[in-house]
file upload00.txt (compact mmCIF, C-alpha atoms and all ligand atoms)
# COMPACT_ATOMS: atom_id res chain seq x y z
CA MET A 1 1.55 6.71 56.48
CA ARG A 2 -2.15 6.13 57.09
CA VAL A 3 -3.03 3.17 54.89
CA LEU A 4 -6.44 1.84 53.85
CA VAL A 5 -6.29 -1.93 53.35
CA THR A 6 -9.17 -3.21 51.23
CA GLY A 7 -9.89 -6.89 51.82
CA GLY A 8 -7.94 -6.63 55.07
CA ALA A 9 -10.19 -9.22 56.75
CA GLY A 10 -8.99 -11.82 54.25
CA TYR A 11 -5.96 -14.09 54.21
CA ILE A 12 -3.16 -11.98 52.72
CA GLY A 13 -4.70 -8.67 53.80
CA SER A 14 -4.77 -9.58 57.52
CA HIS A 15 -1.08 -10.59 57.45
CA THR A 16 -0.20 -7.36 55.65
CA VAL A 17 -2.05 -5.36 58.33
CA VAL A 18 0.35 -6.79 60.94
CA SER A 19 3.43 -6.03 58.81
CA LEU A 20 2.24 -2.46 58.13
CA LEU A 21 1.62 -1.80 61.83
CA GLU A 22 5.01 -3.26 62.74
CA ASP A 23 6.60 -0.92 60.18
CA GLY A 24 5.01 2.07 61.93
CA HIS A 25 2.05 2.73 59.65
CA GLU A 26 -1.51 3.40 60.80
CA VAL A 27 -4.08 1.09 59.26
CA GLU A 28 -7.81 1.06 58.53
CA VAL A 29 -9.52 -1.93 56.93
CA VAL A 30 -12.49 -2.03 54.57
CA ASP A 31 -14.09 -5.39 53.83
CA ASN A 32 -17.64 -6.62 53.17
CA LEU A 33 -16.74 -9.96 54.79
CA VAL A 34 -17.93 -11.96 51.76
CA ASN A 35 -14.84 -14.13 52.28
CA GLY A 36 -13.16 -12.46 55.22
CA ASN A 37 -13.53 -12.49 58.97
CA ALA A 38 -13.78 -9.65 61.49
CA GLU A 39 -11.84 -11.81 63.96
CA ALA A 40 -8.85 -11.78 61.59
CA VAL A 41 -8.73 -7.97 61.78
CA ARG A 42 -9.09 -8.00 65.57
CA ARG A 43 -6.27 -10.54 65.94
CA ALA A 44 -4.04 -8.71 63.43
CA GLY A 45 -4.37 -5.58 65.57
CA GLU A 46 -3.74 -7.58 68.74
CA LEU A 47 -0.52 -9.07 67.30
CA ALA A 48 0.85 -5.59 66.68
CA GLY A 49 -0.62 -3.97 69.80
CA ALA A 50 -3.03 -1.68 67.93
CA GLU A 51 -6.77 -1.20 67.37
CA VAL A 52 -7.61 -1.52 63.68
CA PRO A 53 -10.90 0.04 62.54
CA LEU A 54 -12.93 -2.29 60.26
CA HIS A 55 -15.38 -0.60 57.88
CA GLU A 56 -17.95 -3.07 56.59
CA VAL A 57 -18.55 -1.65 53.12
CA ASP A 58 -19.13 -3.30 49.74
CA LEU A 59 -16.54 -1.59 47.54
CA ALA A 60 -18.52 -2.41 44.41
CA ASP A 61 -21.03 0.15 45.77
CA ALA A 62 -19.58 3.39 44.38
CA ALA A 63 -21.63 5.71 46.62
CA ALA A 64 -20.70 3.83 49.81
CA THR A 65 -17.03 3.77 48.78
CA ALA A 66 -17.03 7.51 48.02
CA ASP A 67 -18.65 8.15 51.40
CA LEU A 68 -16.02 6.04 53.20
CA LEU A 69 -13.05 7.75 51.53
CA SER A 70 -14.53 11.16 52.32
CA ARG A 71 -14.77 10.26 56.03
CA ILE A 72 -11.33 8.72 56.58
CA ASP A 73 -8.06 10.46 55.94
CA VAL A 74 -5.55 8.12 54.28
CA ASP A 75 -2.33 8.61 52.32
CA ALA A 76 -2.35 5.32 50.41
CA VAL A 77 -4.42 2.25 49.61
CA ILE A 78 -3.48 -1.42 49.36
CA HIS A 79 -6.20 -3.09 47.30
CA PHE A 80 -6.68 -6.78 48.12
CA ALA A 81 -10.49 -6.94 47.92
CA ALA A 82 -11.58 -9.38 45.20
CA LEU A 83 -13.26 -12.71 44.63
CA LYS A 84 -10.53 -15.27 43.95
CA ALA A 85 -11.92 -18.77 43.27
CA VAL A 86 -10.63 -19.70 39.81
CA GLY A 87 -13.18 -22.47 39.08
CA GLU A 88 -16.14 -20.47 40.40
CA SER A 89 -15.12 -17.46 38.31
CA THR A 90 -15.70 -19.37 35.11
CA GLN A 91 -19.17 -20.43 36.35
CA LYS A 92 -20.05 -16.87 37.46
CA PRO A 93 -18.30 -14.49 35.07
CA LEU A 94 -20.73 -11.62 35.59
CA GLU A 95 -20.33 -11.73 39.37
CA TYR A 96 -16.54 -11.85 39.08
CA TYR A 97 -16.24 -9.02 36.56
CA ALA A 98 -18.78 -6.91 38.48
CA ASN A 99 -17.03 -7.41 41.81
CA ASN A 100 -13.36 -7.37 40.85
CA LEU A 101 -13.63 -4.53 38.35
CA GLY A 102 -16.46 -2.70 40.19
CA THR A 103 -14.46 -2.48 43.43
CA THR A 104 -11.54 -1.02 41.48
CA PHE A 105 -13.69 1.58 39.68
CA SER A 106 -15.32 2.75 42.92
CA LEU A 107 -12.02 2.88 44.70
CA LEU A 108 -10.13 4.78 41.97
CA ALA A 109 -12.90 7.37 41.64
CA ALA A 110 -13.07 7.89 45.41
CA MET A 111 -9.28 8.08 45.69
CA ARG A 112 -9.07 10.69 42.93
CA GLU A 113 -11.86 12.71 44.56
CA ASN A 114 -9.89 12.75 47.82
CA ASP A 115 -6.47 13.37 46.28
CA VAL A 116 -5.08 9.95 47.21
CA ARG A 117 -2.98 8.59 44.33
CA THR A 118 -0.74 5.96 45.92
CA LEU A 119 -1.96 2.40 45.33
CA VAL A 120 -0.61 -1.13 45.70
CA PHE A 121 -2.63 -3.70 43.76
CA SER A 122 -2.86 -7.50 44.23
CA SER A 123 -2.15 -8.99 40.85
CA SER A 124 -1.25 -12.60 40.19
CA ALA A 125 1.10 -14.88 38.28
CA THR A 126 -2.00 -15.98 36.37
CA VAL A 127 -1.61 -12.87 34.14
CA TYR A 128 1.35 -14.55 32.38
CA GLY A 129 -1.15 -16.90 30.71
CA GLU A 130 -0.10 -20.11 29.03
CA LYS A 131 2.59 -18.82 26.66
CA ALA A 132 5.12 -17.09 28.90
CA PRO A 133 8.50 -18.83 29.17
CA VAL A 134 9.51 -20.04 32.66
CA PRO A 135 10.73 -18.30 34.77
CA TYR A 136 8.17 -15.53 34.36
CA VAL A 137 9.66 -12.07 33.85
CA GLU A 138 7.67 -8.85 34.41
CA ASP A 139 8.13 -7.43 30.90
CA PHE A 140 6.43 -10.41 29.19
CA GLU A 141 3.59 -9.42 26.86
CA PRO A 142 0.81 -9.87 25.94
CA LEU A 143 -0.80 -10.69 29.27
CA ASP A 144 -3.59 -13.27 29.20
CA SER A 145 -5.29 -15.76 31.50
CA SER A 146 -7.36 -18.88 31.00
CA SER A 147 -9.89 -18.04 33.76
CA THR A 148 -12.36 -15.22 34.26
CA TYR A 149 -10.68 -14.56 37.61
CA GLY A 150 -7.34 -14.17 35.85
CA GLN A 151 -8.88 -11.89 33.23
CA THR A 152 -10.04 -9.56 36.02
CA LYS A 153 -6.38 -9.21 37.03
CA VAL A 154 -5.22 -8.63 33.42
CA MET A 155 -7.93 -5.99 32.96
CA THR A 156 -7.25 -4.27 36.27
CA GLU A 157 -3.55 -3.97 35.43
CA ARG A 158 -4.60 -2.33 32.13
CA ILE A 159 -7.08 0.02 33.82
CA LEU A 160 -4.50 1.16 36.37
CA THR A 161 -1.90 1.70 33.65
CA ASP A 162 -4.36 3.84 31.64
CA VAL A 163 -5.39 5.85 34.70
CA ALA A 164 -1.74 6.64 35.47
CA ALA A 165 -1.06 7.55 31.82
CA ALA A 166 -3.89 10.10 31.91
CA ASP A 167 -2.76 11.60 35.23
CA PRO A 168 0.95 11.11 35.90
CA ARG A 169 0.57 11.92 39.59
CA TRP A 170 -0.39 8.30 40.35
CA ARG A 171 2.12 6.04 42.12
CA ILE A 172 1.11 2.44 41.53
CA ALA A 173 2.63 -0.95 42.33
CA LEU A 174 1.26 -4.01 40.55
CA LEU A 175 2.41 -6.98 42.64
CA ARG A 176 2.15 -10.34 40.90
CA TYR A 177 2.05 -13.01 43.60
CA PHE A 178 2.87 -16.62 42.84
CA ASN A 179 1.39 -19.16 45.34
CA PRO A 180 1.05 -17.60 48.82
CA VAL A 181 0.78 -20.17 51.64
CA GLY A 182 1.69 -20.36 55.35
CA ALA A 183 0.49 -18.30 58.28
CA HIS A 184 1.71 -15.82 60.89
CA PRO A 185 4.21 -17.68 63.11
CA SER A 186 2.02 -17.00 66.17
CA GLY A 187 -0.71 -19.26 64.73
CA ARG A 188 -3.27 -16.52 65.51
CA ILE A 189 -4.09 -15.65 61.88
CA GLY A 190 -4.00 -17.85 58.80
CA GLU A 191 -5.95 -19.02 55.77
CA ASP A 192 -9.55 -20.04 56.54
CA PRO A 193 -11.26 -21.04 53.29
CA ARG A 194 -15.03 -21.37 53.24
CA GLY A 195 -16.29 -24.81 52.19
CA ILE A 196 -14.00 -27.30 50.46
CA PRO A 197 -10.57 -25.71 49.86
CA ASN A 198 -9.65 -25.19 46.20
CA ASN A 199 -5.97 -24.78 46.89
CA LEU A 200 -3.35 -27.38 47.75
CA VAL A 201 -1.92 -26.33 51.11
CA PRO A 202 -5.24 -25.49 52.85
CA PHE A 203 -6.55 -28.88 51.67
CA ILE A 204 -3.47 -30.71 53.00
CA ALA A 205 -3.83 -28.85 56.32
CA GLN A 206 -7.46 -29.94 56.66
CA VAL A 207 -6.50 -33.56 55.93
CA ALA A 208 -3.77 -33.34 58.59
CA VAL A 209 -6.20 -32.00 61.20
CA GLY A 210 -8.80 -34.66 60.39
CA ARG A 211 -11.41 -32.51 58.64
CA ARG A 212 -10.92 -34.31 55.27
CA GLU A 213 -10.14 -37.96 54.59
CA LYS A 214 -7.55 -37.70 51.84
CA LEU A 215 -6.00 -35.40 49.26
CA SER A 216 -6.56 -35.90 45.53
CA VAL A 217 -3.32 -35.17 43.67
CA PHE A 218 -4.41 -33.72 40.33
CA GLY A 219 -2.25 -35.49 37.75
CA GLY A 220 0.84 -37.69 38.06
CA ASP A 221 1.95 -37.68 34.43
CA TYR A 222 3.23 -34.12 33.95
CA PRO A 223 6.70 -33.62 32.42
CA THR A 224 8.23 -32.72 35.82
CA THR A 225 10.73 -34.43 38.13
CA ASP A 226 8.08 -36.60 39.86
CA GLY A 227 5.13 -36.23 37.45
CA THR A 228 3.19 -33.75 39.64
CA CYS A 229 2.82 -30.00 38.99
CA GLU A 230 5.45 -27.57 40.26
CA ARG A 231 4.61 -24.13 41.67
CA ASP A 232 6.46 -21.23 43.25
CA TYR A 233 5.09 -21.27 46.82
CA ILE A 234 5.78 -18.14 48.84
CA HIS A 235 5.29 -17.61 52.58
CA VAL A 236 2.45 -15.16 53.28
CA GLN A 237 4.78 -13.27 55.66
CA ASP A 238 7.16 -12.68 52.75
CA VAL A 239 4.20 -11.49 50.66
CA ALA A 240 3.06 -9.16 53.45
CA GLU A 241 6.56 -7.70 53.88
CA GLY A 242 6.79 -7.29 50.10
CA HIS A 243 3.75 -4.99 50.27
CA VAL A 244 5.28 -2.80 52.95
CA VAL A 245 8.55 -2.49 51.02
CA ALA A 246 6.72 -1.75 47.74
CA LEU A 247 4.48 0.85 49.40
CA ASP A 248 7.43 2.60 51.03
CA ALA A 249 9.30 2.58 47.69
CA ILE A 250 6.50 4.06 45.56
CA ALA A 251 5.69 6.66 48.21
CA ALA A 252 9.34 7.78 48.28
CA GLY A 253 9.98 7.51 44.53
CA ASP A 254 8.78 9.30 41.42
CA ALA A 255 5.17 8.93 40.30
CA ALA A 256 5.04 5.84 38.07
CA VAL A 257 3.53 2.40 37.57
CA HIS A 258 5.80 -0.45 38.69
CA THR A 259 5.31 -4.18 38.24
CA TRP A 260 7.04 -6.64 40.57
CA ASN A 261 6.83 -10.41 40.87
CA LEU A 262 6.53 -11.68 44.43
CA GLY A 263 7.94 -15.19 44.19
CA SER A 264 10.93 -17.22 45.34
CA GLY A 265 12.22 -18.31 41.94
CA GLN A 266 11.93 -22.01 42.87
CA GLY A 267 9.44 -24.69 41.95
CA THR A 268 8.09 -27.28 44.41
CA SER A 269 6.05 -30.30 43.31
CA VAL A 270 2.79 -31.45 44.87
CA LEU A 271 4.51 -34.58 46.24
CA GLU A 272 7.36 -32.51 47.69
CA MET A 273 4.81 -30.28 49.43
CA ILE A 274 3.04 -33.34 50.89
CA GLY A 275 6.39 -34.65 52.19
CA SER A 276 7.27 -31.32 53.78
CA PHE A 277 3.85 -31.08 55.45
CA GLU A 278 4.13 -34.63 56.80
CA ARG A 279 7.48 -33.75 58.40
CA ALA A 280 6.12 -30.47 59.81
CA SER A 281 2.97 -32.00 61.30
CA GLY A 282 4.27 -35.45 62.17
CA ARG A 283 1.11 -36.78 60.51
CA GLU A 284 0.63 -38.88 57.42
CA ILE A 285 -1.29 -37.18 54.58
CA PRO A 286 -3.29 -39.90 52.82
CA HIS A 287 -3.35 -39.06 49.11
CA GLU A 288 -4.24 -40.54 45.75
CA VAL A 289 -3.17 -39.49 42.27
CA VAL A 290 -6.25 -38.75 40.16
CA ALA A 291 -6.88 -37.12 36.75
CA ARG A 292 -5.39 -33.73 35.92
CA ARG A 293 -7.43 -30.63 36.87
CA ALA A 294 -8.54 -28.63 33.82
CA GLY A 295 -6.50 -25.46 33.32
CA ASP A 296 -3.45 -26.45 35.42
CA LEU A 297 -0.06 -25.68 33.87
CA PRO A 298 2.71 -28.26 34.48
CA ALA A 299 5.30 -26.00 36.13
CA PHE A 300 6.08 -22.32 36.56
CA TRP A 301 7.94 -20.02 38.89
CA ALA A 302 9.00 -16.39 39.15
CA ASP A 303 12.09 -14.59 38.06
CA PRO A 304 12.36 -12.64 41.35
CA THR A 305 15.38 -10.50 40.38
CA LYS A 306 13.49 -7.27 39.57
CA ALA A 307 12.01 -7.00 43.07
CA GLU A 308 15.40 -7.80 44.58
CA ARG A 309 17.22 -5.23 42.44
CA GLU A 310 14.67 -2.42 42.77
CA LEU A 311 13.16 -3.04 46.22
CA GLY A 312 15.90 -4.98 47.99
CA TRP A 313 13.21 -7.59 48.73
CA ARG A 314 13.56 -11.34 48.40
CA THR A 315 11.86 -14.29 50.06
CA ALA A 316 13.33 -15.22 53.42
CA ARG A 317 11.27 -18.29 54.31
CA SER A 318 11.44 -21.88 53.03
CA VAL A 319 8.78 -24.42 52.07
CA ASP A 320 9.42 -26.15 55.42
CA ASP A 321 8.72 -22.82 57.19
CA MET A 322 5.45 -22.51 55.21
CA CYS A 323 4.35 -25.98 56.29
CA ARG A 324 5.39 -25.47 59.93
CA ASP A 325 3.46 -22.20 60.20
CA THR A 326 0.41 -23.54 58.35
CA TRP A 327 0.31 -26.50 60.74
CA ASN A 328 0.75 -24.22 63.76
CA TRP A 329 -2.30 -22.18 62.64
CA GLN A 330 -4.42 -25.18 61.61
CA SER A 331 -3.69 -27.25 64.73
CA GLN A 332 -4.46 -24.29 67.03
CA ASN A 333 -7.62 -23.42 65.06
CA PRO A 334 -8.95 -26.69 63.58
CA GLN A 335 -12.16 -24.96 62.39
CA GLY A 336 -10.42 -21.69 61.50
CA TYR A 337 -11.97 -18.52 62.97
CA ALA A 338 -15.12 -20.49 63.85
CA ASP A 339 -13.11 -21.72 66.87
CA ALA A 340 -12.93 -18.14 68.23
P1 LIG B 1 -9.34 -13.46 50.53
O1 LIG B 1 -10.62 -13.90 49.90
O2 LIG B 1 -8.94 -14.13 51.81
O3 LIG B 1 -9.38 -11.87 50.78
C1 LIG B 1 -10.10 -11.00 49.94
C2 LIG B 1 -10.97 -10.14 50.83
O4 LIG B 1 -11.70 -9.22 50.00
C3 LIG B 1 -12.00 -10.95 51.62
O5 LIG B 1 -11.88 -10.66 52.99
C4 LIG B 1 -13.34 -10.47 51.06
O6 LIG B 1 -14.37 -10.48 52.05
C5 LIG B 1 -13.00 -9.08 50.54
N1 LIG B 1 -13.87 -8.61 49.45
C6 LIG B 1 -14.18 -9.23 48.29
N2 LIG B 1 -15.03 -8.48 47.57
C7 LIG B 1 -15.26 -7.34 48.29
C8 LIG B 1 -16.07 -6.18 48.07
N3 LIG B 1 -16.85 -6.05 47.00
N4 LIG B 1 -16.06 -5.21 49.02
C9 LIG B 1 -15.30 -5.34 50.14
N5 LIG B 1 -14.53 -6.42 50.40
C10 LIG B 1 -14.53 -7.41 49.48
O7 LIG B 1 -8.20 -13.60 49.44
P2 LIG B 1 -6.61 -13.51 49.59
O8 LIG B 1 -6.06 -14.85 49.32
O9 LIG B 1 -6.25 -12.80 50.82
O10 LIG B 1 -6.27 -12.63 48.31
C11 LIG B 1 -6.11 -11.22 48.42
C12 LIG B 1 -5.87 -10.65 47.03
O11 LIG B 1 -4.72 -11.28 46.47
C13 LIG B 1 -7.00 -10.91 46.03
O12 LIG B 1 -7.11 -9.78 45.19
C14 LIG B 1 -6.51 -12.10 45.26
O13 LIG B 1 -7.08 -12.13 43.97
C15 LIG B 1 -5.02 -11.82 45.19
N6 LIG B 1 -4.20 -13.00 44.99
C16 LIG B 1 -4.35 -14.07 45.83
C17 LIG B 1 -3.57 -15.19 45.63
C18 LIG B 1 -3.73 -16.40 46.52
O14 LIG B 1 -3.30 -17.49 46.12
N7 LIG B 1 -4.32 -16.29 47.71
C19 LIG B 1 -2.62 -15.22 44.60
C20 LIG B 1 -2.48 -14.11 43.77
C21 LIG B 1 -3.29 -13.00 43.99
C1 LIG B 2 -1.31 -25.99 43.30
C2 LIG B 2 -0.99 -27.37 42.74
C3 LIG B 2 -2.82 -28.42 41.59
C4 LIG B 2 -5.45 -28.87 45.05
C5 LIG B 2 -4.13 -20.78 42.18
C6 LIG B 2 -4.70 -19.84 41.17
C7 LIG B 2 -3.73 -18.72 40.90
C8 LIG B 2 -3.31 -18.04 42.20
C9 LIG B 2 -2.84 -19.02 43.22
C10 LIG B 2 -4.73 -16.18 42.65
C11 LIG B 2 -1.57 -27.60 41.35
C12 LIG B 2 -2.45 -29.19 42.83
C13 LIG B 2 -4.38 -28.57 44.23
C14 LIG B 2 -5.72 -30.25 45.33
C15 LIG B 2 -3.84 -30.86 43.97
N1 LIG B 2 -4.40 -17.38 42.83
N2 LIG B 2 -3.60 -29.54 43.70
N3 LIG B 2 -4.91 -31.19 44.77
O1 LIG B 2 -3.71 -23.56 40.78
O2 LIG B 2 -1.25 -23.05 41.16
O3 LIG B 2 -2.93 -21.33 41.66
O4 LIG B 2 -3.81 -20.07 43.39
O5 LIG B 2 -4.32 -15.39 41.85
O6 LIG B 2 -4.34 -17.83 40.02
O7 LIG B 2 -4.97 -20.57 39.98
O8 LIG B 2 -2.79 -23.26 43.14
O9 LIG B 2 -3.05 -24.42 45.29
O10 LIG B 2 -4.90 -24.61 43.56
O11 LIG B 2 -2.72 -25.76 43.16
O12 LIG B 2 -3.15 -31.76 43.49
O13 LIG B 2 -6.70 -30.60 46.02
O14 LIG B 2 -1.62 -28.33 43.59
O15 LIG B 2 -3.11 -29.30 40.55
O16 LIG B 2 -0.65 -28.37 40.66
P1 LIG B 2 -2.67 -22.88 41.57
P2 LIG B 2 -3.45 -24.49 43.87

call {"tool": "encode", "arguments": {"input": "upload00.txt", "output": "structure tokens", "more": "lines below"}}
Ligand code: NAD
Ligand code: WQD
result
Amino acid sequence: MRVLVTGGAGYIGSHTVVSLLEDGHEVEVVDNLVNGNAEAVRRAGELAGAEVPLHEVDLADAAATADLLSRIDVDAVIHFAALKAVGESTQKPLEYYANNLGTTFSLLAAMRENDVRTLVFSSSATVYGEKAPVPYVEDFEPLDSSSTYGQTKVMTERILTDVAAADPRWRIALLRYFNPVGAHPSGRIGEDPRGIPNNLVPFIAQVAVGRREKLSVFGGDYPTTDGTCERDYIHVQDVAEGHVVALDAIAAGDAAVHTWNLGSGQGTSVLEMIGSFERASGREIPHEVVARRAGDLPAFWADPTKAERELGWRTARSVDDMCRDTWNWQSQNPQGYADA
């Protein structure tokens, strides 16, 4: 298939571009580079031996999006483009709703206009809110989220479900990722956050490479095995391959909306992650337990059985693999793509 990857210059998108190309698909990327990097697209193409066109378009601009879709000929879209900083989203709700919903509106209208009705959407475990029992199962309702960012995912799932109900020709996959980390094993592409990283593994990696002095561990008094929060970390290569498998499945199956968790089914604590990274890098990660971060849940992980049963997909890589590949990327590119 010819696949348009929105947000393909970002972290998960660039890894998915490689997996799509390796699976025999043709790929075009659209990204406004607000948090992505053209070098990531170039390197993704290089890894798979292909040239990947990058269209620099703001997808919240409906006219520009319609123009793009009318010029390129694609069979399906994987929609990663979004703003994703949880804390910032609560400070800037208008910007987050406008961008994350606006991109989706423009894209859906342009897809419909051009008779493209196959879509894979980046949702998140955050849609399970604070009341879902662990492990999280796809049929849990009602969806909710404590952040504006998370609400954009809840709302987008709703919008896509309504669009498909009104026109049953749509084939849609809602993929709820847990905590994607790691990098391509080549070390050529990886996560390159702007400014101070919000997320655990990019922060640890920057401590290991000497860009930050020490890690603050947010809370040591949670009701978990070692007092720190537990999350379901998933290798970005597993996430990328999950997209290819989901896309192939919806394209071959009946028109419908499917929801699949992309997670491993296992929790890992913050201290366990630090230990794994220290072994992978051979470096000590100075850290200090500080107060809890507002909004953090103690522990959650996926029930991954639906994706395994329906897609034949399950995670293949361990937490140690995630740390090894993150360190490979970070040590080869201490300043991220700025080293290029
Ligand atoms: P990312 O920021 O690296 O990638 C998102 C890309 O979208 C960026 O390259 C950015 O420039 C682009 N973008 C944003 N707004 C745009 C617009 N208006 N027009 C065009 N391009 C635009 O983020 P990521 O970690 O790769 O996440 C990809 C998707 O997965 C996002 O939708 C995110 O919400 C979702 N997700 C991420 C995680 C995670 O932990 N990384 C977890 C669950 C879900
Ligand atoms: C993991 C653990 C922190 C940083 C976020 C979003 C979620 C999804 C994935 C998009 C927590 C602890 C972190 C640090 C720390 N994204 N931590 N020190 O919060 O589980 O999920 O990314 O959909 O919606 O909320 O991930 O990596 O920020 O935190 O101790 O400097 O690491 O408290 O327990 P989180 P994270």

call {"tool": "atom_distance", "arguments": {"input": "upload00.txt", "atom1": "CA of Glu88 in chain A", "atom2": "atom O11 of ligand LIG 2 (chain B)"}}
result
14.7 Å

call {"tool": "closest_atom_pairs", "arguments": {"input": "upload00.txt", "of": "chain A", "to": "ligand LIG 2 (chain B)", "cutoff": "7 Å", "atoms": "all atoms listed in the file", "output": "Markdown table"}}
result
| residue | atom | partner | partner_atom | distance |
| --- | --- | --- | --- | --- |
| A:Lys84 | CA | B:LIG2 | C10 | 6.0 |
| A:Val86 | CA | B:LIG2 | O7 | 5.7 |
| A:Ser123 | CA | B:LIG2 | O5 | 6.8 |
| A:Ser124 | CA | B:LIG2 | O5 | 4.5 |
| A:Ala125 | CA | B:LIG2 | O6 | 6.4 |
| A:Thr126 | CA | B:LIG2 | O6 | 4.7 |
| A:Gly150 | CA | B:LIG2 | O6 | 6.3 |
| A:Phe178 | CA | B:LIG2 | C9 | 6.2 |
| A:Asn179 | CA | B:LIG2 | C9 | 4.7 |
| A:Pro180 | CA | B:LIG2 | C9 | 7.0 |
| A:Asn198 | CA | B:LIG2 | O10 | 5.5 |
| A:Asn199 | CA | B:LIG2 | O9 | 3.3 |
| A:Leu200 | CA | B:LIG2 | C4 | 3.7 |
| A:Val201 | CA | B:LIG2 | O9 | 6.2 |
| A:Phe203 | CA | B:LIG2 | O13 | 5.9 |
| A:Leu215 | CA | B:LIG2 | O13 | 5.8 |
| A:Ser216 | CA | B:LIG2 | N3 | 5.0 |
| A:Val217 | CA | B:LIG2 | O12 | 3.4 |
| A:Phe218 | CA | B:LIG2 | O12 | 3.9 |
| A:Gly219 | CA | B:LIG2 | O15 | 6.8 |
| A:Thr228 | CA | B:LIG2 | O16 | 6.7 |
| A:Cys229 | CA | B:LIG2 | O16 | 4.2 |
| A:Glu230 | CA | B:LIG2 | O16 | 6.2 |
| A:Arg231 | CA | B:LIG2 | O2 | 6.0 |
| A:Val270 | CA | B:LIG2 | O14 | 5.6 |
| A:Arg292 | CA | B:LIG2 | O15 | 6.8 |
| A:Arg293 | CA | B:LIG2 | O15 | 5.8 |
| A:Asp296 | CA | B:LIG2 | O15 | 5.9 |

call {"tool": "residues_near_ligand", "arguments": {"input": "upload00.txt", "ligand": "ligand LIG 1 (chain B)", "cutoff": "9 Å", "atoms": "only C-alpha atoms and all ligand atoms", "output": "ChimeraX atom specification"}}
result
/A:6-15,30-38,56-61,79-85,98-100,102-103,121-126,149-150,152-153,175-181,191-193,199,236

call {"tool": "closest_atom_pairs", "arguments": {"input": "upload00.txt", "of": "range 189-302 of chain A", "to": "range 136-143 of chain A", "cutoff": "10 Å", "atoms": "only C-alpha atoms", "output": "tab-separated table"}}
result
residue	atom	partner	partner_atom	distance
A:His258	CA	A:Glu138	CA	9.6
A:Thr259	CA	A:Glu138	CA	6.5
A:Trp260	CA	A:Glu138	CA	6.6
A:Asn261	CA	A:Glu138	CA	6.7
A:Gly263	CA	A:Tyr136	CA	9.8
A:Gly265	CA	A:Tyr136	CA	9.0
A:Phe300	CA	A:Tyr136	CA	7.4
A:Trp301	CA	A:Tyr136	CA	6.4
A:Ala302	CA	A:Tyr136	CA	4.9

call {"tool": "closest_residue", "arguments": {"input": "upload00.txt", "among": "A:Thr268, A:Ser89, A:Thr65, A:Thr315", "to": "Glu241 in chain A", "atoms": "only C-alpha atoms"}}
result
A:Thr315

call {"tool": "axis_aligned_box", "arguments": {"input": "upload00.txt", "around": "range 1-11 of chain A", "padding_each_side": "5 Å", "output": "lines of an AutoDock Vina configuration file"}}
result
center_x = -4.3
center_y = -3.7
center_z = 54.2
size_x = 21.7
size_y = 30.8
size_z = 15.9

call {"tool": "atom_distance", "arguments": {"input": "upload00.txt", "atom1": "CA of Ala205 in chain A", "atom2": "CA of Phe277 in chain A"}}
result
8.0 Å

call {"tool": "closest_residue", "arguments": {"input": "upload00.txt", "among": "A:Asp226, A:Met111, A:Glu46, A:Gly187", "to": "Gln332 in chain A", "atoms": "all atoms listed in the file"}}
result
A:Gly187

call {"tool": "closest_residue", "arguments": {"input": "upload00.txt", "among": "A:Glu278, A:Glu308, A:Asp221, A:Glu213", "to": "Leu262 in chain A", "atoms": "only C-alpha atoms"}}
result
A:Glu308

call {"tool": "residues_around", "arguments": {"input": "upload00.txt", "residues": "range 160-170 of chain A", "least_positions_apart": "3", "cutoff": "12 Å", "atoms": "all atoms listed in the file", "output": "PyMOL selection string"}}
result
chain A and resi 76-77+79+101+104-105+107-109+111-112+115-123+153-157+173-174+250-251+253-259

call {"tool": "write_last_selection", "arguments": {"input": "upload00.txt", "atoms": "C-alpha atoms", "output": "compact mmCIF listing (two decimals), in the coordinates of the input"}}
result
# COMPACT_ATOMS: atom_id res chain seq x y z
CA ALA A 76 -2.35 5.32 50.41
CA VAL A 77 -4.42 2.25 49.61
CA HIS A 79 -6.20 -3.09 47.30
CA LEU A 101 -13.63 -4.53 38.35
CA THR A 104 -11.54 -1.02 41.48
CA PHE A 105 -13.69 1.58 39.68
CA LEU A 107 -12.02 2.88 44.70
CA LEU A 108 -10.13 4.78 41.97
CA ALA A 109 -12.90 7.37 41.64
CA MET A 111 -9.28 8.08 45.69
CA ARG A 112 -9.07 10.69 42.93
CA ASP A 115 -6.47 13.37 46.28
CA VAL A 116 -5.08 9.95 47.21
CA ARG A 117 -2.98 8.59 44.33
CA THR A 118 -0.74 5.96 45.92
CA LEU A 119 -1.96 2.40 45.33
CA VAL A 120 -0.61 -1.13 45.70
CA PHE A 121 -2.63 -3.70 43.76
CA SER A 122 -2.86 -7.50 44.23
CA SER A 123 -2.15 -8.99 40.85
CA LYS A 153 -6.38 -9.21 37.03
CA VAL A 154 -5.22 -8.63 33.42
CA MET A 155 -7.93 -5.99 32.96
CA THR A 156 -7.25 -4.27 36.27
CA GLU A 157 -3.55 -3.97 35.43
CA ALA A 173 2.63 -0.95 42.33
CA LEU A 174 1.26 -4.01 40.55
CA ILE A 250 6.50 4.06 45.56
CA ALA A 251 5.69 6.66 48.21
CA GLY A 253 9.98 7.51 44.53
CA ASP A 254 8.78 9.30 41.42
CA ALA A 255 5.17 8.93 40.30
CA ALA A 256 5.04 5.84 38.07
CA VAL A 257 3.53 2.40 37.57
CA HIS A 258 5.80 -0.45 38.69
CA THR A 259 5.31 -4.18 38.24

call {"tool": "closest_residue", "arguments": {"input": "upload00.txt", "among": "A:Asn328, A:Thr148, A:Arg188, A:Ile72", "to": "Arg42 in chain A", "atoms": "only C-alpha atoms"}}
result
A:Arg188
